[in-house]
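The data block below is run38.cif; it holds mmCIF, C-alpha atoms and all ligand atoms.
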data_work
loop_
_atom_site.label_atom_id
_atom_site.label_comp_id
_atom_site.auth_asym_id
_atom_site.auth_seq_id
_atom_site.Cartn_x
_atom_site.Cartn_y
_atom_site.Cartn_z
CA MET A 14 36.77 -121.99 -1.71
CA GLN A 15 35.93 -118.44 -0.70
CA THR A 16 32.50 -117.01 -1.50
CA TYR A 17 31.89 -113.30 -2.13
CA THR A 18 28.63 -111.50 -2.68
CA THR A 19 29.81 -107.98 -3.45
CA ILE A 20 31.61 -106.60 -6.49
CA ASN A 21 34.17 -104.76 -4.34
CA GLN A 22 35.15 -107.89 -2.40
CA ILE A 23 35.63 -110.15 -5.42
CA ARG A 24 37.53 -107.42 -7.28
CA GLU A 25 39.89 -106.96 -4.35
CA VAL A 26 40.67 -110.64 -3.92
CA LEU A 27 41.16 -111.17 -7.66
CA ALA A 28 43.44 -108.12 -7.89
CA GLN A 29 45.66 -109.89 -5.35
CA GLN A 30 45.64 -113.02 -7.51
CA ARG A 31 46.69 -111.00 -10.55
CA GLN A 32 49.44 -109.29 -8.52
CA GLN A 33 50.82 -112.74 -7.74
CA GLY A 34 50.96 -113.41 -11.48
CA HIS A 35 48.05 -115.86 -11.46
CA THR A 36 45.83 -116.21 -14.52
CA ILE A 37 42.07 -116.38 -13.95
CA GLY A 38 39.65 -118.90 -15.46
CA PHE A 39 35.97 -117.98 -15.12
CA VAL A 40 32.79 -120.06 -15.32
CA PRO A 41 29.58 -117.98 -15.23
CA THR A 42 26.47 -119.97 -14.24
CA LEU A 43 22.85 -119.63 -13.21
CA GLY A 44 23.49 -122.20 -10.45
CA ASN A 45 21.75 -125.54 -9.93
CA LEU A 46 25.05 -127.04 -10.96
CA HIS A 47 25.37 -130.43 -12.62
CA GLU A 48 28.12 -132.50 -14.22
CA GLY A 49 28.04 -130.26 -17.32
CA HIS A 50 29.09 -127.29 -15.16
CA MET A 51 31.76 -129.41 -13.50
CA ALA A 52 33.27 -130.06 -16.94
CA LEU A 53 33.48 -126.26 -17.36
CA ILE A 54 35.22 -125.95 -13.98
CA ARG A 55 37.71 -128.68 -14.94
CA ALA A 56 38.39 -126.94 -18.27
CA ALA A 57 38.97 -123.65 -16.41
CA ARG A 58 41.28 -125.46 -13.97
CA ALA A 59 43.32 -126.83 -16.87
CA ALA A 60 43.54 -123.41 -18.56
CA ALA A 61 44.27 -121.04 -15.66
CA ASP A 62 45.96 -120.80 -12.24
CA CYS A 63 42.88 -119.73 -10.35
CA VAL A 64 39.24 -120.72 -10.98
CA VAL A 65 36.30 -118.41 -10.32
CA ALA A 66 32.66 -119.47 -10.71
CA SER A 67 29.64 -117.21 -10.48
CA VAL A 68 26.13 -118.21 -9.48
CA PHE A 69 23.58 -115.57 -10.41
CA VAL A 70 20.03 -116.13 -11.65
CA ASN A 71 20.05 -113.14 -13.95
CA PRO A 72 16.54 -111.61 -14.06
CA MET A 73 17.41 -109.67 -17.21
CA GLN A 74 17.58 -112.81 -19.35
CA PHE A 75 14.14 -114.11 -18.32
CA ALA A 76 11.03 -112.71 -20.01
CA ALA A 77 7.97 -111.94 -17.86
CA ASN A 78 6.31 -115.22 -18.92
CA GLU A 79 9.39 -117.34 -18.22
CA ASP A 80 10.60 -119.42 -15.27
CA LEU A 81 12.59 -116.82 -13.25
CA ASP A 82 10.74 -117.56 -10.00
CA ALA A 83 10.66 -121.32 -10.55
CA TYR A 84 14.31 -121.53 -11.62
CA PRO A 85 15.98 -123.94 -9.16
CA ARG A 86 18.14 -122.14 -6.59
CA THR A 87 20.46 -124.57 -4.81
CA LEU A 88 23.35 -122.44 -3.57
CA GLU A 89 24.51 -124.68 -0.71
CA ALA A 90 24.59 -127.80 -2.92
CA ASP A 91 26.31 -125.74 -5.66
CA LYS A 92 29.02 -124.68 -3.22
CA GLU A 93 29.68 -128.30 -2.23
CA LYS A 94 30.08 -129.31 -5.87
CA LEU A 95 32.41 -126.39 -6.60
CA VAL A 96 34.55 -127.23 -3.56
CA ALA A 97 34.72 -130.89 -4.62
CA GLU A 98 35.86 -129.82 -8.10
CA GLY A 99 38.51 -127.47 -6.67
CA ALA A 100 37.11 -124.04 -7.61
CA ASP A 101 38.96 -121.27 -5.76
CA PHE A 102 36.37 -118.47 -5.60
CA LEU A 103 32.61 -118.15 -5.93
CA PHE A 104 30.92 -114.88 -6.78
CA ALA A 105 27.25 -115.10 -5.78
CA PRO A 106 25.80 -111.59 -5.87
CA THR A 107 22.21 -110.48 -5.30
CA ALA A 108 20.15 -108.88 -8.08
CA ARG A 109 20.44 -105.60 -6.16
CA GLU A 110 24.23 -105.83 -6.22
CA MET A 111 24.26 -106.43 -9.98
CA TYR A 112 21.48 -104.00 -10.92
CA PRO A 113 21.37 -101.37 -8.12
CA GLU A 114 19.65 -98.86 -10.36
CA GLY A 115 17.86 -101.22 -12.72
CA VAL A 116 19.12 -101.50 -16.25
CA SER A 117 20.03 -98.44 -18.31
CA THR A 118 22.85 -99.85 -20.46
CA GLN A 119 22.15 -102.93 -22.55
CA ILE A 120 24.31 -104.88 -24.94
CA THR A 121 22.54 -106.18 -28.01
CA ILE A 122 24.08 -108.25 -30.75
CA PRO A 123 21.62 -107.75 -33.60
CA VAL A 124 20.66 -110.53 -36.03
CA LEU A 125 22.34 -113.33 -34.03
CA SER A 126 20.19 -112.47 -31.01
CA ASN A 127 16.89 -112.50 -32.86
CA ILE A 128 17.06 -115.87 -34.59
CA LEU A 129 16.58 -119.43 -33.22
CA CYS A 130 16.08 -119.21 -29.41
CA GLY A 131 16.07 -115.41 -29.66
CA ALA A 132 12.98 -115.53 -31.91
CA SER A 133 10.90 -117.22 -29.22
CA ARG A 134 12.69 -115.57 -26.28
CA PRO A 135 12.77 -111.86 -27.18
CA GLY A 136 15.34 -109.94 -25.11
CA HIS A 137 16.94 -113.12 -23.75
CA PHE A 138 20.31 -112.69 -25.44
CA THR A 139 20.45 -108.98 -24.60
CA GLY A 140 20.13 -110.07 -20.97
CA VAL A 141 22.81 -112.73 -21.40
CA ALA A 142 25.25 -110.42 -23.25
CA THR A 143 24.75 -107.60 -20.74
CA ILE A 144 25.33 -109.77 -17.66
CA CYS A 145 28.34 -111.49 -19.25
CA ALA A 146 29.90 -108.10 -20.11
CA LYS A 147 29.31 -106.96 -16.51
CA LEU A 148 30.79 -110.19 -15.11
CA PHE A 149 33.80 -109.97 -17.43
CA ASN A 150 34.41 -106.39 -16.22
CA ILE A 151 34.16 -107.49 -12.58
CA ILE A 152 36.17 -110.74 -12.76
CA GLN A 153 38.54 -109.70 -15.60
CA PRO A 154 39.28 -113.32 -16.47
CA ASN A 155 41.96 -114.42 -18.92
CA VAL A 156 39.72 -117.23 -20.10
CA SER A 157 36.01 -118.01 -19.71
CA MET A 158 34.26 -121.33 -20.31
CA PHE A 159 30.83 -121.78 -21.94
CA GLY A 160 28.97 -125.01 -22.72
CA GLU A 161 28.49 -125.89 -26.38
CA LYS A 162 24.93 -126.97 -25.56
CA ASP A 163 24.00 -123.27 -25.61
CA TYR A 164 25.68 -122.86 -28.97
CA GLN A 165 23.86 -119.65 -29.94
CA GLN A 166 24.86 -118.12 -26.59
CA LEU A 167 28.49 -119.19 -27.14
CA THR A 168 28.46 -117.64 -30.64
CA ILE A 169 26.96 -114.39 -29.33
CA ILE A 170 29.49 -114.12 -26.50
CA ARG A 171 32.35 -114.72 -28.96
CA HIS A 172 31.03 -111.91 -31.18
CA MET A 173 30.56 -109.60 -28.22
CA VAL A 174 34.09 -109.97 -26.81
CA ASN A 175 35.50 -109.57 -30.31
CA ASP A 176 33.42 -106.50 -31.18
CA LEU A 177 33.97 -104.80 -27.80
CA CYS A 178 37.66 -105.79 -27.54
CA ILE A 179 37.11 -107.48 -24.17
CA PRO A 180 40.44 -109.17 -23.38
CA VAL A 181 39.18 -112.68 -22.55
CA SER A 182 39.50 -115.96 -24.47
CA ILE A 183 36.16 -117.70 -24.82
CA VAL A 184 36.36 -121.50 -24.75
CA GLY A 185 33.48 -123.78 -25.78
CA VAL A 186 33.27 -127.01 -23.78
CA GLN A 187 31.64 -130.16 -25.17
CA THR A 188 28.07 -130.88 -24.07
CA GLY A 189 27.78 -133.28 -21.14
CA ARG A 190 25.19 -136.03 -21.68
CA ALA A 191 23.29 -138.57 -19.62
CA GLU A 192 23.85 -142.22 -20.61
CA ASP A 193 20.82 -142.14 -22.91
CA GLY A 194 22.17 -139.06 -24.71
CA LEU A 195 20.04 -136.33 -23.11
CA ALA A 196 22.08 -133.12 -22.85
CA LEU A 197 22.61 -132.15 -19.20
CA SER A 198 20.60 -129.06 -18.25
CA SER A 199 19.25 -127.54 -15.06
CA ARG A 200 15.85 -127.44 -16.77
CA ASN A 201 15.79 -131.27 -17.01
CA THR A 202 14.54 -131.17 -13.41
CA TYR A 203 11.21 -129.86 -14.78
CA LEU A 204 10.62 -133.17 -16.63
CA THR A 205 8.20 -135.72 -15.18
CA ALA A 206 9.39 -139.35 -15.09
CA GLU A 207 7.45 -140.06 -18.29
CA GLU A 208 8.82 -136.98 -20.08
CA ARG A 209 12.36 -137.89 -18.97
CA GLN A 210 11.94 -141.20 -20.84
CA LYS A 211 10.97 -139.35 -24.01
CA ALA A 212 13.49 -136.54 -23.71
CA PRO A 213 16.49 -138.27 -25.44
CA GLU A 214 14.41 -138.29 -28.66
CA ILE A 215 15.76 -134.80 -29.33
CA TYR A 216 19.34 -136.19 -29.33
CA ARG A 217 18.32 -139.21 -31.42
CA SER A 218 16.76 -136.87 -34.01
CA LEU A 219 20.03 -134.94 -34.19
CA ILE A 220 22.01 -138.19 -34.63
CA THR A 221 19.65 -139.40 -37.38
CA THR A 222 19.99 -136.09 -39.22
CA LYS A 223 23.76 -136.07 -38.83
CA GLU A 224 23.97 -139.64 -40.21
CA ALA A 225 21.77 -138.69 -43.19
CA ILE A 226 24.05 -135.75 -44.02
CA LYS A 227 27.15 -137.93 -43.61
CA ASN A 228 25.50 -140.38 -46.03
CA GLY A 229 25.26 -137.65 -48.65
CA ILE A 230 21.76 -136.21 -48.24
CA ARG A 231 21.88 -132.45 -48.88
CA ASP A 232 18.19 -131.54 -48.83
CA TYR A 233 18.48 -129.95 -45.39
CA TYR A 234 14.94 -128.56 -45.46
CA GLN A 235 13.51 -132.04 -45.93
CA LEU A 236 15.68 -133.39 -43.08
CA GLU A 237 14.53 -130.56 -40.81
CA GLN A 238 10.88 -131.25 -41.62
CA ALA A 239 11.33 -134.97 -40.91
CA ALA A 240 12.97 -134.24 -37.55
CA ASN A 241 10.23 -131.79 -36.53
CA LYS A 242 7.60 -134.39 -37.40
CA ARG A 243 9.43 -137.07 -35.45
CA LEU A 244 9.65 -134.82 -32.38
CA ALA A 245 5.98 -133.83 -32.62
CA ASN A 246 5.01 -137.52 -32.87
CA ALA A 247 7.04 -138.20 -29.72
CA GLY A 248 5.04 -135.58 -27.79
CA PHE A 249 7.35 -132.54 -28.12
CA LYS A 250 6.30 -129.09 -29.31
CA PRO A 251 9.18 -128.40 -31.71
CA ASP A 252 10.39 -124.80 -31.79
CA TYR A 253 13.09 -125.18 -34.46
CA PHE A 254 15.31 -127.79 -36.04
CA HIS A 255 17.90 -126.35 -38.42
CA VAL A 256 21.04 -127.32 -40.29
CA LEU A 257 23.22 -124.20 -40.27
CA ASN A 258 26.64 -122.84 -41.08
CA ARG A 259 28.51 -123.29 -37.78
CA ASN A 260 30.15 -119.86 -37.78
CA SER A 261 27.45 -117.55 -39.12
CA LEU A 262 24.38 -119.53 -37.95
CA GLU A 263 22.91 -118.86 -41.40
CA THR A 264 21.07 -121.56 -43.37
CA ALA A 265 23.67 -124.00 -44.68
CA ASN A 266 24.18 -124.17 -48.41
CA SER A 267 25.83 -126.90 -50.45
CA ALA A 268 29.24 -125.18 -50.25
CA ASP A 269 29.26 -125.10 -46.43
CA ARG A 270 31.54 -127.70 -44.88
CA LYS A 271 31.37 -126.79 -41.18
CA LEU A 272 27.81 -127.42 -40.09
CA ILE A 273 25.78 -127.45 -36.91
CA ILE A 274 22.37 -129.03 -36.42
CA LEU A 275 20.45 -127.10 -33.77
CA ALA A 276 17.20 -128.16 -32.13
CA ALA A 277 14.83 -126.63 -29.57
CA ALA A 278 11.57 -128.13 -28.40
CA GLN A 279 9.19 -127.86 -25.49
CA LEU A 280 8.48 -131.04 -23.53
CA GLY A 281 5.99 -130.43 -20.75
CA LYS A 282 7.37 -127.53 -18.70
CA ALA A 283 10.92 -127.94 -20.00
CA ARG A 284 12.31 -126.12 -23.04
CA LEU A 285 15.06 -128.43 -24.25
CA ILE A 286 17.85 -127.40 -26.60
CA ASP A 287 20.63 -129.47 -28.10
CA ASN A 288 22.94 -129.53 -31.10
CA LEU A 289 25.51 -131.58 -32.98
CA GLN A 290 28.40 -130.31 -35.05
CA LEU A 291 29.67 -131.99 -38.19
CA ASP A 292 32.26 -131.44 -40.88
CA ILE A 293 31.49 -132.67 -44.39
O1 LIG B 1 24.22 -120.20 -19.69
C1 LIG B 1 24.04 -119.66 -18.57
O2 LIG B 1 24.07 -120.32 -17.54
C2 LIG B 1 23.74 -118.18 -18.50
O3 LIG B 1 23.10 -117.73 -19.65
C3 LIG B 1 24.97 -117.31 -18.19
C4 LIG B 1 26.04 -117.46 -19.25
C5 LIG B 1 25.55 -117.72 -16.84
C6 LIG B 1 24.58 -115.83 -18.11
O4 LIG B 1 23.66 -115.59 -17.09
#
Please rewrite the model in this file as structure tokens.
Ligand code: PAF
Amino acid sequence: MQTYTTINQIREVLAQQRQQGHTIGFVPTLGNLHEGHMALIRAARAAADCVVASVFVNPMQFAANEDLDAYPRTLEADKEKLVAEGADFLFAPTAREMYPEGVSTQITIPVLSNILCGASRPGHFTGVATICAKLFNIIQPNVSMFGEKDYQQLTIIRHMVNDLCIPVSIVGVQTGRAEDGLALSSRNTYLTAEERQKAPEIYRSLITTKEAIKNGIRDYYQLEQAANKRLANAGFKPDYFHVLNRNSLETANSADRKLIILAAAQLGKARLIDNLQLDI
């Protein structure tokens, strides 16, 4: 695997790949890679001739009160994992390379960016959309893989590439889970041993809600309230727990058949998010 830190270098090497007729699969990441990322790399491998990953802790998507400085940076270990999984190229730029003159152009996807995680993380999705647009312009991938765990992010990126006619297929990859159901996330490293024991409760609450809906319960508000209470009792600070239309992310009504249950809650220093999809 070759690693590049400048936009010019990675552009040049990928132009050669395109000249050889190779398609490009791209996996953007914040680093601190785990098995969930490796599933994205494998999906990119299966979909394209050449696999590019990026590792960039994007300052623009962290608010001043968030964990930008504490965010785990493990580039050497990340490289080893990418090599083992057969990635071809790594783009690992500095913040100066990506934002040499700060930020003057921003991409905002209104409504979708301000609900759910966007309500408690103002500006977060503008940071995500802007960096993804920049990375897509640099890498020019045919296909790009995103984890379904960050379902709101995946939805926003799909809208952005559609609205801005960016020629890349966005593929959602199933959430990787630990044996006890906890969704894999770099932020799980913030959990103490005791919190790690409790953490799968967020997944269990999603399962319980999904089962209730499958069994015919349609009072989604009541189900959401019950899940929030259950999480609070387990020691979480629930942020939201919602049953939504999977495409629009609007509150589900009785006619909606394609649903998603989305949850976010703070546990100690970790903000955990997870979701489950269901068709009724
Ligand atoms: O999900 C992430 O890891 C990040 O938000 C992304 C897509 C790499 C953009 O910085």
Expected selection as a compact mmCIF listing (two decimals) with C-alpha atoms, in the frame of the given file for ligand LIG 1 (chain B) within 8 Å, all atoms listed in the file:
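The result, stored in out39.txt:
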# COMPACT_ATOMS: atom_id res chain seq x y z
CA VAL A 40 32.79 -120.06 -15.32
CA PRO A 41 29.58 -117.98 -15.23
CA THR A 42 26.47 -119.97 -14.24
CA LEU A 43 22.85 -119.63 -13.21
CA GLY A 44 23.49 -122.20 -10.45
CA SER A 67 29.64 -117.21 -10.48
CA VAL A 68 26.13 -118.21 -9.48
CA PHE A 69 23.58 -115.57 -10.41
CA VAL A 70 20.03 -116.13 -11.65
CA ASN A 71 20.05 -113.14 -13.95
CA GLN A 74 17.58 -112.81 -19.35
CA GLY A 140 20.13 -110.07 -20.97
CA VAL A 141 22.81 -112.73 -21.40
CA ALA A 142 25.25 -110.42 -23.25
CA ILE A 144 25.33 -109.77 -17.66
CA CYS A 145 28.34 -111.49 -19.25
CA PHE A 159 30.83 -121.78 -21.94
CA GLY A 160 28.97 -125.01 -22.72
CA ASP A 163 24.00 -123.27 -25.61
CA GLN A 166 24.86 -118.12 -26.59
Check: Between A:Leu197, A:Ile151, A:Val96, A:Ala52, which one has atoms that come closest to Glu110 in chain A, using all atoms listed in the file?
Finding: A:Ile151
Next item on the list: Write out as a PyMOL selection string which residues come within 8 Å of range 30-35 of chain A when counting all atoms listed in the file, dropping same-chain ones fewer than 5 positions away.
Entry: chain A and resi 61-63
Select from range 78-114 of chain A every residue with an atom at most 12 Å from any atom of range 279-288 of chain A, then for each give the shortest pair of atoms and their distance in Å to one decimal, using all atoms listed in the file, rows by chain and rising number, as a Markdown table.
| residue | atom | partner | partner_atom | distance |
| --- | --- | --- | --- | --- |
| A:Glu79 | CA | A:Lys282 | CA | 10.4 |
| A:Asp80 | CA | A:Lys282 | CA | 9.4 |
| A:Ala83 | CA | A:Lys282 | CA | 10.8 |
| A:Tyr84 | CA | A:Ala283 | CA | 11.1 |
Checklist line | Counting only C-alpha atoms, the residue of A:Thr222, A:Ser198, A:Thr264, A:Thr18 that sits nearest Asn241 in chain A | finding: A:Thr222
